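Listing of my_file_3.txt; format and content: compact mmCIF, N, CA and C atoms and all ligand atoms.
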# COMPACT_ATOMS: atom_id res chain seq x y z
N GLY Y 1 -0.32 -8.45 19.89
CA GLY Y 1 -1.15 -9.01 18.83
C GLY Y 1 -1.66 -10.38 19.20
N THR Y 2 -2.53 -10.92 18.37
CA THR Y 2 -3.05 -12.25 18.62
C THR Y 2 -2.97 -13.08 17.35
N LEU Y 3 -2.89 -14.37 17.55
CA LEU Y 3 -2.95 -15.34 16.46
C LEU Y 3 -4.15 -16.24 16.70
N VAL Y 4 -4.67 -16.80 15.63
CA VAL Y 4 -5.69 -17.84 15.76
C VAL Y 4 -5.08 -19.12 15.24
N GLY Y 5 -4.93 -20.09 16.12
CA GLY Y 5 -4.36 -21.38 15.75
C GLY Y 5 -5.42 -22.45 15.72
N GLN Y 6 -5.23 -23.41 14.85
CA GLN Y 6 -6.13 -24.55 14.80
C GLN Y 6 -5.36 -25.80 15.19
N PHE Y 7 -6.00 -26.60 16.03
CA PHE Y 7 -5.40 -27.82 16.55
C PHE Y 7 -6.40 -28.96 16.38
N ILE Y 8 -5.87 -30.15 16.18
CA ILE Y 8 -6.71 -31.34 16.21
C ILE Y 8 -6.52 -31.98 17.58
N VAL Y 9 -7.64 -32.25 18.24
CA VAL Y 9 -7.60 -32.87 19.57
C VAL Y 9 -8.17 -34.28 19.47
N GLY Y 10 -7.37 -35.25 19.88
CA GLY Y 10 -7.81 -36.63 19.87
C GLY Y 10 -8.17 -37.10 21.26
N GLY Y 11 -9.05 -38.09 21.33
CA GLY Y 11 -9.38 -38.70 22.60
C GLY Y 11 -10.60 -38.13 23.28
N MET Y 12 -11.29 -37.19 22.60
CA MET Y 12 -12.52 -36.64 23.17
C MET Y 12 -13.68 -37.55 22.78
N THR Y 13 -14.33 -38.12 23.76
CA THR Y 13 -15.40 -39.06 23.44
C THR Y 13 -16.78 -38.59 23.89
N CYS Y 14 -16.87 -37.52 24.63
CA CYS Y 14 -18.19 -37.01 24.98
C CYS Y 14 -18.15 -35.50 25.12
N ALA Y 15 -19.34 -34.92 25.25
CA ALA Y 15 -19.43 -33.46 25.29
C ALA Y 15 -18.70 -32.87 26.49
N ALA Y 16 -18.61 -33.64 27.56
CA ALA Y 16 -17.91 -33.12 28.73
C ALA Y 16 -16.41 -33.00 28.47
N CYS Y 17 -15.89 -33.84 27.57
CA CYS Y 17 -14.49 -33.69 27.17
C CYS Y 17 -14.27 -32.32 26.53
N VAL Y 18 -15.20 -31.91 25.71
CA VAL Y 18 -15.11 -30.61 25.05
C VAL Y 18 -15.04 -29.51 26.09
N ASN Y 19 -15.93 -29.57 27.08
CA ASN Y 19 -15.93 -28.56 28.13
C ASN Y 19 -14.62 -28.57 28.89
N SER Y 20 -14.08 -29.77 29.10
CA SER Y 20 -12.83 -29.90 29.83
C SER Y 20 -11.69 -29.25 29.06
N VAL Y 21 -11.58 -29.57 27.77
CA VAL Y 21 -10.49 -29.00 26.97
C VAL Y 21 -10.64 -27.48 26.86
N GLU Y 22 -11.87 -27.03 26.64
CA GLU Y 22 -12.07 -25.58 26.54
C GLU Y 22 -11.72 -24.89 27.85
N GLY Y 23 -12.09 -25.50 28.96
CA GLY Y 23 -11.79 -24.91 30.27
C GLY Y 23 -10.31 -24.82 30.54
N ILE Y 24 -9.60 -25.89 30.18
CA ILE Y 24 -8.14 -25.89 30.34
C ILE Y 24 -7.52 -24.78 29.52
N LEU Y 25 -7.94 -24.70 28.27
CA LEU Y 25 -7.33 -23.70 27.38
C LEU Y 25 -7.63 -22.29 27.86
N ARG Y 26 -8.87 -22.06 28.28
CA ARG Y 26 -9.25 -20.70 28.70
C ARG Y 26 -8.55 -20.29 29.98
N SER Y 27 -8.05 -21.25 30.74
CA SER Y 27 -7.34 -20.93 31.98
C SER Y 27 -5.88 -20.57 31.74
N LEU Y 28 -5.39 -20.80 30.53
CA LEU Y 28 -3.98 -20.55 30.25
C LEU Y 28 -3.73 -19.07 30.01
N PRO Y 29 -2.70 -18.52 30.66
CA PRO Y 29 -2.34 -17.13 30.37
C PRO Y 29 -2.02 -16.97 28.88
N GLY Y 30 -2.57 -15.95 28.28
CA GLY Y 30 -2.31 -15.69 26.87
C GLY Y 30 -3.37 -16.22 25.94
N VAL Y 31 -4.26 -17.08 26.46
CA VAL Y 31 -5.35 -17.58 25.63
C VAL Y 31 -6.56 -16.67 25.79
N LYS Y 32 -7.05 -16.15 24.68
CA LYS Y 32 -8.16 -15.21 24.72
C LYS Y 32 -9.48 -15.87 24.38
N ARG Y 33 -9.43 -16.93 23.62
CA ARG Y 33 -10.67 -17.59 23.17
C ARG Y 33 -10.31 -19.02 22.81
N ALA Y 34 -11.19 -19.94 23.13
CA ALA Y 34 -10.98 -21.33 22.76
C ALA Y 34 -12.32 -21.97 22.46
N ALA Y 35 -12.39 -22.67 21.34
CA ALA Y 35 -13.62 -23.34 20.95
C ALA Y 35 -13.27 -24.69 20.36
N VAL Y 36 -13.90 -25.72 20.88
CA VAL Y 36 -13.65 -27.08 20.43
C VAL Y 36 -14.91 -27.64 19.80
N ALA Y 37 -14.75 -28.31 18.66
CA ALA Y 37 -15.87 -28.96 17.99
C ALA Y 37 -15.69 -30.47 18.11
N LEU Y 38 -16.61 -31.10 18.83
CA LEU Y 38 -16.49 -32.54 19.06
C LEU Y 38 -16.58 -33.33 17.76
N ALA Y 39 -17.46 -32.92 16.86
CA ALA Y 39 -17.72 -33.69 15.64
C ALA Y 39 -16.49 -33.75 14.74
N THR Y 40 -15.71 -32.67 14.72
CA THR Y 40 -14.57 -32.60 13.82
C THR Y 40 -13.23 -32.74 14.55
N SER Y 41 -13.26 -32.74 15.86
CA SER Y 41 -12.05 -32.76 16.69
C SER Y 41 -11.18 -31.51 16.50
N LEU Y 42 -11.77 -30.51 15.88
CA LEU Y 42 -11.00 -29.29 15.61
C LEU Y 42 -11.15 -28.31 16.77
N CYS Y 43 -10.04 -27.71 17.11
CA CYS Y 43 -9.99 -26.77 18.23
C CYS Y 43 -9.37 -25.48 17.73
N GLU Y 44 -10.09 -24.38 17.89
CA GLU Y 44 -9.59 -23.09 17.47
C GLU Y 44 -9.25 -22.27 18.72
N VAL Y 45 -8.05 -21.73 18.73
CA VAL Y 45 -7.58 -20.99 19.90
C VAL Y 45 -7.03 -19.65 19.45
N GLU Y 46 -7.56 -18.59 20.04
CA GLU Y 46 -6.99 -17.26 19.82
C GLU Y 46 -6.04 -16.98 20.98
N TYR Y 47 -4.80 -16.66 20.65
CA TYR Y 47 -3.80 -16.51 21.71
C TYR Y 47 -2.79 -15.43 21.37
N ASP Y 48 -2.12 -14.99 22.42
CA ASP Y 48 -1.08 -13.98 22.28
C ASP Y 48 0.27 -14.69 22.24
N PRO Y 49 0.93 -14.71 21.10
CA PRO Y 49 2.18 -15.46 20.97
C PRO Y 49 3.32 -14.89 21.80
N ALA Y 50 3.15 -13.68 22.33
CA ALA Y 50 4.17 -13.15 23.23
C ALA Y 50 4.09 -13.79 24.61
N THR Y 51 2.95 -14.43 24.90
CA THR Y 51 2.70 -15.02 26.22
C THR Y 51 2.73 -16.53 26.18
N ILE Y 52 2.20 -17.11 25.11
CA ILE Y 52 2.09 -18.56 25.03
C ILE Y 52 2.34 -19.00 23.58
N SER Y 53 3.01 -20.14 23.45
CA SER Y 53 3.31 -20.65 22.10
C SER Y 53 2.32 -21.74 21.72
N LYS Y 54 2.28 -22.07 20.45
CA LYS Y 54 1.42 -23.17 20.01
C LYS Y 54 1.88 -24.48 20.63
N ASP Y 55 3.17 -24.64 20.85
CA ASP Y 55 3.66 -25.85 21.50
C ASP Y 55 3.21 -25.92 22.96
N ASP Y 56 3.16 -24.78 23.63
CA ASP Y 56 2.63 -24.75 25.01
C ASP Y 56 1.17 -25.19 25.02
N ILE Y 57 0.42 -24.78 24.01
CA ILE Y 57 -0.99 -25.14 23.93
C ILE Y 57 -1.14 -26.64 23.70
N VAL Y 58 -0.33 -27.18 22.80
CA VAL Y 58 -0.35 -28.63 22.57
C VAL Y 58 -0.02 -29.38 23.86
N THR Y 59 1.00 -28.93 24.56
CA THR Y 59 1.42 -29.59 25.80
C THR Y 59 0.32 -29.54 26.85
N ALA Y 60 -0.37 -28.42 26.96
CA ALA Y 60 -1.44 -28.29 27.96
C ALA Y 60 -2.58 -29.27 27.66
N ILE Y 61 -2.91 -29.42 26.39
CA ILE Y 61 -3.97 -30.37 26.02
C ILE Y 61 -3.52 -31.80 26.33
N GLU Y 62 -2.26 -32.10 26.00
CA GLU Y 62 -1.74 -33.45 26.25
C GLU Y 62 -1.65 -33.74 27.74
N ASP Y 63 -1.28 -32.73 28.53
CA ASP Y 63 -1.18 -32.92 29.98
C ASP Y 63 -2.54 -33.25 30.59
N ALA Y 64 -3.61 -32.83 29.91
CA ALA Y 64 -4.96 -33.14 30.38
C ALA Y 64 -5.41 -34.53 29.94
N GLY Y 65 -4.56 -35.25 29.22
CA GLY Y 65 -4.88 -36.62 28.88
C GLY Y 65 -5.41 -36.83 27.47
N PHE Y 66 -5.34 -35.79 26.66
CA PHE Y 66 -5.80 -35.90 25.28
C PHE Y 66 -4.60 -35.86 24.34
N GLU Y 67 -4.85 -36.14 23.08
CA GLU Y 67 -3.82 -35.98 22.07
C GLU Y 67 -4.05 -34.65 21.39
N ALA Y 68 -2.97 -34.02 20.94
CA ALA Y 68 -3.13 -32.73 20.27
C ALA Y 68 -2.04 -32.54 19.24
N SER Y 69 -2.42 -31.93 18.13
CA SER Y 69 -1.43 -31.55 17.14
C SER Y 69 -1.84 -30.21 16.51
N PHE Y 70 -0.82 -29.43 16.21
CA PHE Y 70 -1.04 -28.14 15.59
C PHE Y 70 -1.35 -28.33 14.12
N VAL Y 71 -2.34 -27.64 13.61
CA VAL Y 71 -2.71 -27.74 12.20
C VAL Y 71 -2.18 -26.55 11.43
N GLN Y 72 -2.60 -25.38 11.86
CA GLN Y 72 -2.13 -24.15 11.18
C GLN Y 72 -2.41 -22.94 12.04
MO1 LIG Y 101 -16.82 -37.96 29.01
MO2 LIG Y 101 -14.18 -36.98 28.46
O1 LIG Y 101 -17.63 -39.20 30.26
O2 LIG Y 101 -12.51 -36.62 29.33
S1 LIG Y 101 -15.60 -36.26 29.97
S2 LIG Y 101 -15.12 -39.10 28.10

How would this structure read if it were set down as structure tokens?
Amino acid sequence: GTLVGQFIVGGMTCAACVNSVEGILRSLPGVKRAAVALATSLCEVEYDPATISKDDIVTAIEDAGFEASFVQ
């Protein structure tokens, strides 16, 4: 199955940051879809919880140099 999680991503200051975060997320095993909105800092990720957890997703965003928190 899949879940759709929403995360707030901090530290994105230009459109290339959005591409960077989306690229990182899409490269993660278990992530099926990732979309980041620069204006709202909201990031929606469709993922398979059997493969990757929401905490893994937060950690991957933080490892790329941004801030991240799970919303719902
Ligand atoms: Mo823009 Mo973001 O020059 O990591 S790419 S600030």

Counting only N, CA and C atoms and all ligand atoms, the residue of Y:Cys17, Y:Ala37, Y:Ile8, Y:Val71 that sits nearest ligand LIG 101 (chain Y): Y:Cys17

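Around Leu38 (chain Y), within 8 Å and counting all atoms listed in the file, the residues found are Met12, Thr13, Cys14, Ala15, Cys17, Val18 and Cys43 of chain Y, once anything fewer than 5 positions away on its own chain is removed.
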
Contacts of region 2-4 of chain Y within 7 Å, only C-alpha atoms, excl. fewer than 6 positions in-chain, as a PyMOL selection string: chain Y and resi 44-49

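CA of Ile24 (chain Y) lies 19.0 Å from CA of Thr40 (chain Y).
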
Sphere at (0.3, -18.9, 23.6), radius 12 Å, counting only C-alpha atoms: residues as number ranges by chain: Y: 1-5, 25-34, 45-60

Centre, x/y/z edge lengths, axis-aligned box for ligand LIG 101 (chain Y) with 8 Å per side, as lines of an AutoDock Vina configuration file:
center_x = -15.1
center_y = -37.7
center_z = 29.2
size_x = 21.1
size_y = 18.9
size_z = 18.2

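CA of Ser20 (chain Y) sits 9.6 Å away from atom S2 of ligand LIG 101 (chain Y).
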
Nearest residue to Ile61 (chain Y) from the set Y:Asn19, Y:Val9, Y:Ala35, Y:Leu42 (distances using all atoms listed in the file):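 When distances to Ile61 (chain Y) are compared using all atoms listed in the file, the smallest one comes from Y:Val9.
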
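Of all the residues in chain Y, the ones DSSP labels as helix (DSSP H, G or I) from the backbone are Ala15, Ala16, Cys17, Val18, Asn19, Ser20, Val21, Glu22, Gly23, Ile24, Leu25, Arg26, Lys54, Asp55, Asp56, Ile57, Val58, Thr59, Ala60, Ile61, Glu62 and Asp63 of chain Y.
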
Point-to-point distance from CA of Gln72 (chain Y) to atom O2 of ligand LIG 101 (chain Y), Å rounded to tenths: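 Taking CA of Gln72 (chain Y) as the start and atom O2 of ligand LIG 101 (chain Y) as the end point, the length is 24.3 Å.
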
Radius query 7 Å about (-6.6, -36.0, 23.9), atoms used: all atoms listed in the file, as a PyMOL selection string: chain Y and resi 9-12+61-62+64-68

Among the residues Y:Val36, Y:Ser69, Y:Ala16, Y:Gly23, the one that comes closest to ligand LIG 101 (chain Y) [using all atoms listed in the file]: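 Among the listed residues, Y:Ala16 lies closest to ligand LIG 101 (chain Y).
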
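Of the residues in chain Y, those given strand (DSSP E or B) by DSSP on the backbone are Leu3, Val4, Gly5, Gln6, Phe7, Ile8, Val9, Gly10, Val31, Lys32, Arg33, Ala34, Ala35, Val36, Ala37, Leu42, Cys43, Glu44, Val45, Glu46, Tyr47, Glu67, Ala68, Ser69 and Phe70 of chain Y.
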